[in-house]
$ cat coords_26.cif   # mmCIF, C-alpha atoms
data_work
#
loop_
_atom_site.label_atom_id
_atom_site.label_comp_id
_atom_site.auth_asym_id
_atom_site.auth_seq_id
_atom_site.Cartn_x
_atom_site.Cartn_y
_atom_site.Cartn_z
CA MET A 1 34.43 76.44 3.22
CA ASN A 2 34.14 72.68 3.77
CA HIS A 3 31.63 70.94 1.55
CA PRO A 4 30.01 67.66 2.66
CA GLU A 5 31.22 64.55 0.92
CA PRO A 6 28.94 63.46 -1.93
CA PHE A 7 26.68 60.46 -1.47
CA THR A 8 28.79 58.51 -3.96
CA SER A 9 31.77 58.67 -1.58
CA LEU A 10 30.30 55.61 0.15
CA PHE A 11 30.71 53.50 -2.98
CA ALA A 12 33.88 51.54 -3.55
CA PRO A 13 35.72 52.41 -6.77
CA GLU A 14 35.23 50.05 -9.67
CA VAL A 15 38.01 47.50 -9.94
CA ALA A 16 38.99 45.74 -13.14
CA GLY A 17 38.33 42.03 -12.92
CA VAL A 18 35.26 42.22 -10.67
CA PRO A 19 32.54 40.03 -12.20
CA THR A 20 29.52 42.07 -13.27
CA SER A 21 27.23 39.14 -14.00
CA PHE A 22 26.53 35.88 -12.26
CA PRO A 23 24.97 32.55 -13.23
CA VAL A 24 21.31 33.03 -14.18
CA HIS A 25 18.49 31.29 -12.36
CA THR A 26 16.73 28.86 -14.69
CA LYS A 27 14.10 27.21 -12.45
CA PRO A 28 11.14 28.44 -10.38
CA TRP A 29 12.01 29.70 -6.92
CA LYS A 30 10.88 27.16 -4.34
CA LEU A 31 9.12 28.63 -1.30
CA LEU A 32 8.13 26.54 1.71
CA LEU A 33 5.07 27.85 3.58
CA VAL A 34 4.97 26.42 7.11
CA ASP A 35 1.85 27.23 9.14
CA ASP A 36 -0.90 25.24 10.86
CA GLU A 37 -3.61 27.70 9.76
CA ASP A 38 -5.27 27.03 6.41
CA ASP A 39 -6.28 30.70 6.15
CA ILE A 40 -2.64 31.80 6.17
CA HIS A 41 -1.78 29.35 3.39
CA ALA A 42 -4.73 30.71 1.38
CA VAL A 43 -3.62 34.34 1.91
CA LEU A 44 -0.03 33.60 0.92
CA HIS A 45 -1.06 31.62 -2.16
CA MET A 46 -3.33 34.46 -3.27
CA ALA A 47 -0.61 37.09 -2.77
CA LEU A 48 2.17 35.08 -4.43
CA LYS A 49 0.42 33.19 -7.25
CA ASP A 50 1.48 35.57 -10.05
CA MET A 51 4.72 36.89 -8.55
CA GLU A 52 8.00 36.60 -10.44
CA VAL A 53 11.54 37.38 -9.30
CA GLU A 54 14.27 37.85 -11.90
CA GLY A 55 11.73 36.73 -14.49
CA TYR A 56 11.01 33.35 -12.85
CA PRO A 57 7.83 32.26 -11.03
CA LEU A 58 7.44 30.83 -7.55
CA GLN A 59 6.76 27.20 -6.70
CA LEU A 60 4.86 27.07 -3.40
CA LEU A 61 5.20 24.08 -1.09
CA ASP A 62 2.88 23.73 1.93
CA ALA A 63 3.57 22.24 5.36
CA ARG A 64 1.23 22.31 8.36
CA SER A 65 3.84 21.31 10.95
CA ALA A 66 7.57 21.31 11.57
CA ASP A 67 7.74 17.57 10.82
CA GLU A 68 6.04 18.05 7.43
CA ALA A 69 8.49 20.89 6.75
CA LYS A 70 11.45 18.62 7.47
CA GLU A 71 10.14 16.07 4.96
CA LEU A 72 9.78 18.72 2.26
CA LEU A 73 13.24 20.11 3.00
CA ALA A 74 14.67 16.62 2.48
CA GLU A 75 12.71 16.22 -0.76
CA HIS A 76 13.58 19.72 -2.03
CA PRO A 77 17.09 20.71 -0.87
CA ASP A 78 16.98 23.69 -3.25
CA ILE A 79 14.23 25.53 -1.34
CA SER A 80 15.14 29.22 -1.40
CA LEU A 81 12.81 30.67 1.23
CA ILE A 82 10.83 29.46 4.23
CA LEU A 83 7.89 31.55 5.45
CA LEU A 84 7.56 30.11 8.93
CA ASP A 85 5.01 30.31 11.74
CA VAL A 86 6.35 30.09 15.29
CA VAL A 87 3.47 28.55 17.27
CA MET A 88 2.24 25.32 15.68
CA GLU A 89 2.23 21.84 17.27
CA THR A 90 4.21 23.40 20.13
CA GLU A 91 4.75 27.01 21.20
CA LEU A 92 8.26 27.06 19.75
CA ALA A 93 7.93 24.59 16.87
CA GLY A 94 8.99 27.23 14.34
CA LEU A 95 12.10 28.23 16.23
CA SER A 96 13.03 24.57 16.67
CA LEU A 97 12.78 24.20 12.89
CA VAL A 98 15.13 27.19 12.45
CA THR A 99 17.69 25.42 14.66
CA TYR A 100 17.21 22.20 12.69
CA VAL A 101 17.81 23.94 9.35
CA ARG A 102 20.84 25.95 10.50
CA LYS A 103 22.54 23.48 12.85
CA GLU A 104 21.56 19.97 11.71
CA LEU A 105 21.18 20.56 7.98
CA CYS A 106 23.93 23.21 8.09
CA ASN A 107 21.89 25.17 5.55
CA ARG A 108 22.73 28.85 5.90
CA MET A 109 21.71 29.82 2.37
CA VAL A 110 17.97 29.28 2.61
CA GLN A 111 16.22 32.44 3.75
CA ILE A 112 13.91 32.13 6.76
CA VAL A 113 11.23 34.75 7.45
CA LEU A 114 9.19 34.28 10.62
CA VAL A 115 5.50 35.10 10.24
CA THR A 116 3.86 35.03 13.65
CA GLY A 117 0.52 35.96 15.12
CA GLN A 118 1.81 35.66 18.69
CA PRO A 119 4.91 37.86 19.03
CA GLY A 120 4.94 37.26 22.77
CA HIS A 121 6.28 33.77 22.12
CA ALA A 122 9.03 35.08 19.85
CA PRO A 123 9.83 38.80 20.31
CA GLU A 124 11.59 40.16 17.24
CA LEU A 125 14.73 41.48 18.95
CA GLU A 126 15.17 38.23 20.84
CA VAL A 127 14.84 35.89 17.88
CA ARG A 128 17.00 38.06 15.62
CA THR A 129 19.73 37.90 18.25
CA ASP A 130 19.44 34.21 19.13
CA TYR A 131 18.41 32.64 15.81
CA GLU A 132 19.64 32.92 12.23
CA ILE A 133 16.52 34.36 10.66
CA ASN A 134 16.38 36.78 7.73
CA GLY A 135 13.09 38.54 8.35
CA TYR A 136 10.20 38.93 10.77
CA ARG A 137 6.56 39.72 10.03
CA LEU A 138 3.41 39.85 12.16
CA LYS A 139 0.37 38.15 10.69
CA SER A 140 -1.55 41.37 11.34
CA GLU A 141 0.86 43.04 8.86
CA LEU A 142 0.27 40.60 6.01
CA SER A 143 -0.70 43.10 3.34
CA PHE A 144 0.05 42.30 -0.30
CA TYR A 145 2.86 44.90 -0.27
CA ASN A 146 4.55 43.49 2.84
CA ILE A 147 4.36 39.92 1.57
CA TYR A 148 5.73 40.96 -1.81
CA THR A 149 8.55 43.00 -0.25
CA SER A 150 9.61 40.27 2.18
CA VAL A 151 9.64 37.58 -0.50
CA ASN A 152 11.44 39.74 -3.06
CA LEU A 153 14.14 40.79 -0.57
CA ALA A 154 14.63 37.23 0.65
CA LEU A 155 14.95 35.74 -2.85
CA CYS A 156 17.40 38.45 -3.92
CA ALA A 157 19.46 37.67 -0.80
CA TYR A 158 19.35 33.95 -1.59
CA LYS A 159 20.46 34.65 -5.16
CA THR A 160 23.43 36.68 -3.92
CA LEU A 161 24.55 33.86 -1.60
CA ARG A 162 24.06 31.24 -4.32
CA ASP A 163 26.00 33.27 -6.88
CA PHE A 164 28.70 33.92 -4.29
CA ARG A 165 29.07 30.18 -3.73
CA GLU A 166 29.09 29.33 -7.44
CA GLN A 167 31.35 32.14 -8.64
CA PRO A 168 35.08 31.33 -8.26
CA PRO A 169 37.05 33.86 -6.20
CA ASP A 170 38.82 36.56 -8.18
CA THR A 171 42.48 36.11 -7.35
CA GLU A 172 43.42 39.48 -8.87
CA ILE A 173 41.60 41.42 -6.16
CA ASP A 174 43.43 41.88 -2.88
CA THR A 175 41.34 44.39 -0.96
CA GLU A 176 42.54 44.94 2.60
CA LEU A 177 40.01 46.02 5.17
CA ARG A 178 39.98 46.49 8.91
CA LEU A 179 36.62 45.30 10.16
CA GLU A 180 36.62 47.90 12.95
CA GLN A 181 36.76 50.62 10.30
CA ALA A 182 34.04 48.89 8.30
CA ILE A 183 31.55 49.49 11.12
CA ASP A 184 32.29 53.23 11.17
CA VAL A 185 32.07 53.53 7.39
CA HIS A 186 28.88 51.49 7.33
CA ARG A 187 27.12 53.83 9.77
CA LYS A 188 27.53 56.72 7.32
CA TRP A 189 25.03 55.19 4.90
CA ARG A 190 22.09 56.19 7.08
CA GLU A 191 23.15 59.83 7.38
CA LYS A 192 23.92 60.06 3.67
CA LEU A 193 20.51 58.62 2.78
CA LYS A 194 18.81 61.02 5.21
CA ALA A 195 20.61 63.94 3.61
CA ALA A 196 19.62 62.70 0.15
CA ALA A 197 15.99 62.43 1.24
CA SER A 198 16.05 65.97 2.68
CA ALA A 199 17.58 67.36 -0.51
CA GLY A 200 15.47 65.24 -2.86
CA GLU A 201 18.70 64.02 -4.45
CA ARG A 202 18.20 61.45 -7.20
CA LEU A 203 19.94 58.15 -6.44
CA ASP A 204 20.78 54.91 -8.24
CA PRO A 205 18.83 52.03 -6.60
CA PRO A 206 20.29 49.26 -8.84
CA SER A 207 23.82 50.24 -7.79
CA LEU A 208 22.79 50.42 -4.14
CA ARG A 209 21.25 46.96 -4.44
CA ARG A 210 24.62 45.45 -5.32
CA SER A 211 26.25 44.03 -2.22
CA ASP A 212 29.70 44.65 -3.71
CA CYS A 213 29.18 48.40 -4.29
CA CYS A 214 30.91 49.48 -1.06
CA GLU A 215 34.31 48.83 0.48
CA LEU A 216 32.98 46.17 2.86
CA GLY A 217 31.20 44.42 -0.02
CA ARG A 218 34.36 44.42 -2.14
CA TRP A 219 36.24 42.82 0.73
CA LEU A 220 33.53 40.23 1.36
CA HIS A 221 33.48 39.16 -2.29
CA ALA A 222 37.26 39.07 -2.66
CA GLN A 223 39.86 38.84 0.11
CA GLY A 224 37.38 38.04 2.87
CA ARG A 225 35.94 35.19 0.88
CA LYS A 226 39.36 33.70 0.14
CA LEU A 227 40.38 33.87 3.79
CA TYR A 228 37.18 33.12 5.70
CA GLY A 229 34.58 31.87 3.21
CA SER A 230 34.12 28.57 5.06
CA LYS A 231 33.34 30.20 8.42
CA PRO A 232 29.63 30.35 9.36
CA GLU A 233 30.12 33.84 10.81
CA PHE A 234 31.40 35.04 7.44
CA VAL A 235 28.46 33.50 5.55
CA LYS A 236 26.06 35.19 7.98
CA LEU A 237 27.77 38.54 7.50
CA MET A 238 27.39 38.12 3.73
CA ALA A 239 23.66 37.56 4.14
CA ARG A 240 23.17 40.47 6.54
CA HIS A 241 25.19 42.81 4.33
CA ASN A 242 23.08 41.83 1.32
CA ASP A 243 19.87 42.47 3.30
CA PHE A 244 21.16 45.92 4.19
CA HIS A 245 21.85 46.96 0.61
CA LEU A 246 18.43 45.71 -0.49
CA SER A 247 16.84 47.87 2.23
CA ALA A 248 18.97 50.85 1.18
CA SER A 249 17.85 50.44 -2.43
CA MET A 250 14.19 50.54 -1.32
CA VAL A 251 14.83 53.83 0.49
CA ALA A 252 16.49 55.17 -2.66
CA GLU A 253 13.46 54.18 -4.75
CA SER A 254 11.18 56.14 -2.39
CA ILE A 255 13.43 59.18 -2.68
CA ASN A 256 13.42 58.96 -6.48
CA ASP A 257 9.61 58.66 -6.45
CA GLY A 258 9.43 61.96 -4.57
CA GLU A 259 8.24 60.26 -1.38
CA CYS A 260 10.93 61.85 0.76
CA THR A 261 8.80 61.90 3.92
CA ASP A 262 8.21 58.15 3.59
CA ALA A 263 11.92 57.68 2.96
CA GLN A 264 12.75 59.51 6.19
CA LYS A 265 10.37 57.18 8.04
CA MET A 266 12.06 54.20 6.41
CA LEU A 267 15.31 55.41 7.98
CA GLY A 268 13.82 55.75 11.47
CA GLU A 269 15.10 54.13 14.65
CA ASN A 270 12.77 51.10 14.50
CA SER A 271 12.70 50.70 10.73
CA GLN A 272 13.64 47.70 8.62
CA PHE A 273 16.64 49.67 7.40
CA ALA A 274 17.80 50.42 10.96
CA GLN A 275 17.44 46.73 11.88
CA ALA A 276 19.33 45.65 8.76
CA SER A 277 22.12 48.10 9.57
CA MET A 278 22.36 46.88 13.15
CA ASP A 279 22.40 43.26 11.93
CA VAL A 280 25.45 44.06 9.79
CA GLU A 281 27.30 45.60 12.74
CA ILE A 282 26.50 42.61 14.96
CA ALA A 283 27.60 40.20 12.22
CA ILE A 284 30.89 42.09 11.79
CA MET A 285 31.55 41.93 15.53
CA LYS A 286 30.75 38.21 15.63
CA LEU A 287 33.19 37.56 12.78
CA MET A 288 35.85 39.63 14.54
CA PHE A 289 35.30 37.62 17.73
CA ALA A 290 35.51 34.31 15.82
CA LEU A 291 38.76 35.39 14.15
CA SER A 292 40.32 36.44 17.44
CA SER A 293 39.42 33.28 19.39
#

$ encode --input "coords_26.cif" --output "structure tokens"
Amino acid sequence: MNHPEPFTSLFAPEVAGVPTSFPVHTKPWKLLLVDDEDDIHAVLHMALKDMEVEGYPLQLLDARSADEAKELLAEHPDISLILLDVVMETELAGLSLVTYVRKELCNRMVQIVLVTGQPGHAPELEVRTDYEINGYRLKSELSFYNIYTSVNLALCAYKTLRDFREQPPDTEIDTELRLEQAIDVHRKWREKLKAAASAGERLDPPSLRRSDCCELGRWLHAQGRKLYGSKPEFVKLMARHNDFHLSASMVAESINDGECTDAQKMLGENSQFAQASMDVEIAIMKLMFALSS
């Protein structure tokens, strides 16, 4: 009788020499709130005033236009997250600012979450495909929980990218990986999590949250970084892969809390997890295309 592989089969084996700690953050996280509506600034300030991530508070910077945002970005190059409206002085002012940050400033570390009240001007699937954003929220969804979740995920992703940049590559690790195989292996996470939710299996969210816990993550942090770390497609794949593992850890937390029905919904076709998984596959394919051209 064939028994299904255990959930832990998706994790990469521990390798001696892999760093288990990274430089600690010692300053407040800087968040740039860009919106032309005073009410939105008030809501975000109220939701975020007492929030801490990794034990450090948030420093909130306010801009009412894309031009004001550019000034603050020049004054504070260490901004970690931008919560960005789309329609301001023009219908696409927010998206123009995304292009400015990614293309002109060449800043791919800062996390950008679109917060829009007019999704018709910037449909989620379209902007995720055409722009380098890290999250998407409707203003009608701005509950305390959704704001908290989006900010926490984004800052954890920023921290991973910052630590990745600051940590020297480990020359002892030489993990080989075919990116085509990585897509197939990556797709198994969803089915394994669904099975765990159905069985009420207890999982380990902190391990899932680590972007180097799987074979693809090991490769990204080691051999991939040494070979392709300067390529923008590689940096984007790092960010998308980190987002995915953060989403997976949230599903695991729901399963551990006994909320298996909610966990199943979190794994649905149009869920944040499904989008994060698709983003990883697209990022892998874009890197493969860049390496072959």

$ resolve_selection --input "coords_26.cif" --expression "the PyMOL selection byres ((chain A and resi 132) around 9)" --output "list in words"
Val98, Thr99, Arg102, Arg108, Ile112, Val127, Arg128, Thr129, Asp130, Tyr131, Ile133, Asn134 and Lys236 of chain A

$ closest_residue --input "coords_26.cif" --among "A:Glu75, A:Glu141, A:Lys70, A:Glu91" --to "Glu104 of chain A" --atoms "only C-alpha atoms"
A:Lys70

$ resolve_selection --input "coords_26.cif" --expression "the PyMOL selection byres ((chain A and resi 201) around 10)" --output "MDAnalysis selection string"
chainID A and resid 7 193 195:200 202:203 252 255:256 258 260

$ write_last_selection --input "coords_26.cif" --atoms "C-alpha atoms" --output "PDB file, in the coordinates of the input"
ATOM      1  CA  PHE A   7      26.680  60.460  -1.470  1.00  0.00           C
ATOM      2  CA  LEU A 193      20.510  58.620   2.780  1.00  0.00           C
ATOM      3  CA  ALA A 195      20.610  63.940   3.610  1.00  0.00           C
ATOM      4  CA  ALA A 196      19.620  62.700   0.150  1.00  0.00           C
ATOM      5  CA  ALA A 197      15.990  62.430   1.240  1.00  0.00           C
ATOM      6  CA  SER A 198      16.050  65.970   2.680  1.00  0.00           C
ATOM      7  CA  ALA A 199      17.580  67.360  -0.510  1.00  0.00           C
ATOM      8  CA  GLY A 200      15.470  65.240  -2.860  1.00  0.00           C
ATOM      9  CA  ARG A 202      18.200  61.450  -7.200  1.00  0.00           C
ATOM     10  CA  LEU A 203      19.940  58.150  -6.440  1.00  0.00           C
ATOM     11  CA  ALA A 252      16.490  55.170  -2.660  1.00  0.00           C
ATOM     12  CA  ILE A 255      13.430  59.180  -2.680  1.00  0.00           C
ATOM     13  CA  ASN A 256      13.420  58.960  -6.480  1.00  0.00           C
ATOM     14  CA  GLY A 258       9.430  61.960  -4.570  1.00  0.00           C
ATOM     15  CA  CYS A 260      10.930  61.850   0.760  1.00  0.00           C
TER      16      CYS A 260
END

$ resolve_selection --input "coords_26.cif" --expression "the PyMOL selection byres ((chain A and resi 140) around 10)" --output "list in words"
Val115, Thr116, Gly117, Gln118, Arg137, Leu138, Lys139, Glu141, Leu142 and Ser143 of chain A

$ residues_around --input "coords_26.cif" --residues "segment 145-159 of chain A" --least-positions-apart "5" --cutoff "7 Å" --atoms "all atoms listed in the file" --output "number ranges by chain"
A: 53, 80-81, 109-111, 239, 242-243, 246

$ closest_residue --input "coords_26.cif" --among "A:Asp78, A:Asp257, A:Asp36, A:Glu89" --to "Ala63 of chain A" --atoms "all atoms listed in the file"
A:Asp36

$ atom_distance --input "coords_26.cif" --atom1 "atom CA of Leu237 of chain A" --atom2 "atom CA of Leu95 of chain A"
20.7 Å

$ atom_distance --input "coords_26.cif" --atom1 "atom CA of Trp29 of chain A" --atom2 "atom CA of His76 of chain A"
11.2 Å

$ atom_distance --input "coords_26.cif" --atom1 "atom CA of Leu60 of chain A" --atom2 "atom CA of Asp163 of chain A"
22.3 Å

$ build_atoms --input "coords_26.cif" --residues "segment 87-100 of chain A" --atoms "N, CA and C atoms" --output "PDB file, keeping the file's coordinate frame"
ATOM      1  N   VAL A  87       4.303  29.404  16.419  1.00  0.00           N
ATOM      2  CA  VAL A  87       3.470  28.550  17.270  1.00  0.00           C
ATOM      3  C   VAL A  87       2.649  27.617  16.384  1.00  0.00           C
ATOM      4  N   MET A  88       3.009  26.321  16.432  1.00  0.00           N
ATOM      5  CA  MET A  88       2.240  25.320  15.680  1.00  0.00           C
ATOM      6  C   MET A  88       1.915  24.165  16.624  1.00  0.00           C
ATOM      7  N   GLU A  89       2.514  22.969  16.373  1.00  0.00           N
ATOM      8  CA  GLU A  89       2.230  21.840  17.270  1.00  0.00           C
ATOM      9  C   GLU A  89       2.746  22.082  18.684  1.00  0.00           C
ATOM     10  N   THR A  90       3.750  22.930  18.813  1.00  0.00           N
ATOM     11  CA  THR A  90       4.210  23.400  20.130  1.00  0.00           C
ATOM     12  C   THR A  90       4.407  24.913  20.047  1.00  0.00           C
ATOM     13  N   GLU A  91       4.626  25.553  21.171  1.00  0.00           N
ATOM     14  CA  GLU A  91       4.750  27.010  21.200  1.00  0.00           C
ATOM     15  C   GLU A  91       6.004  27.493  20.479  1.00  0.00           C
ATOM     16  N   LEU A  92       7.008  26.638  20.385  1.00  0.00           N
ATOM     17  CA  LEU A  92       8.260  27.060  19.750  1.00  0.00           C
ATOM     18  C   LEU A  92       8.646  26.134  18.591  1.00  0.00           C
ATOM     19  N   ALA A  93       7.644  25.527  17.968  1.00  0.00           N
ATOM     20  CA  ALA A  93       7.930  24.590  16.870  1.00  0.00           C
ATOM     21  C   ALA A  93       8.690  25.271  15.743  1.00  0.00           C
ATOM     22  N   GLY A  94       8.314  26.511  15.425  1.00  0.00           N
ATOM     23  CA  GLY A  94       8.990  27.230  14.340  1.00  0.00           C
ATOM     24  C   GLY A  94      10.445  27.503  14.645  1.00  0.00           C
ATOM     25  N   LEU A  95      10.720  27.941  15.867  1.00  0.00           N
ATOM     26  CA  LEU A  95      12.100  28.230  16.230  1.00  0.00           C
ATOM     27  C   LEU A  95      12.937  26.951  16.283  1.00  0.00           C
ATOM     28  N   SER A  96      12.316  25.854  16.685  1.00  0.00           N
ATOM     29  CA  SER A  96      13.030  24.570  16.670  1.00  0.00           C
ATOM     30  C   SER A  96      13.388  24.181  15.235  1.00  0.00           C
ATOM     31  N   LEU A  97      12.497  24.508  14.293  1.00  0.00           N
ATOM     32  CA  LEU A  97      12.780  24.200  12.890  1.00  0.00           C
ATOM     33  C   LEU A  97      13.937  25.067  12.375  1.00  0.00           C
ATOM     34  N   VAL A  98      14.005  26.325  12.827  1.00  0.00           N
ATOM     35  CA  VAL A  98      15.130  27.190  12.450  1.00  0.00           C
ATOM     36  C   VAL A  98      16.447  26.546  12.888  1.00  0.00           C
ATOM     37  N   THR A  99      16.484  26.071  14.136  1.00  0.00           N
ATOM     38  CA  THR A  99      17.690  25.420  14.660  1.00  0.00           C
ATOM     39  C   THR A  99      18.022  24.173  13.855  1.00  0.00           C
ATOM     40  N   TYR A 100      17.005  23.410  13.488  1.00  0.00           N
ATOM     41  CA  TYR A 100      17.210  22.200  12.690  1.00  0.00           C
ATOM     42  C   TYR A 100      17.842  22.545  11.339  1.00  0.00           C
TER      43      TYR A 100
END
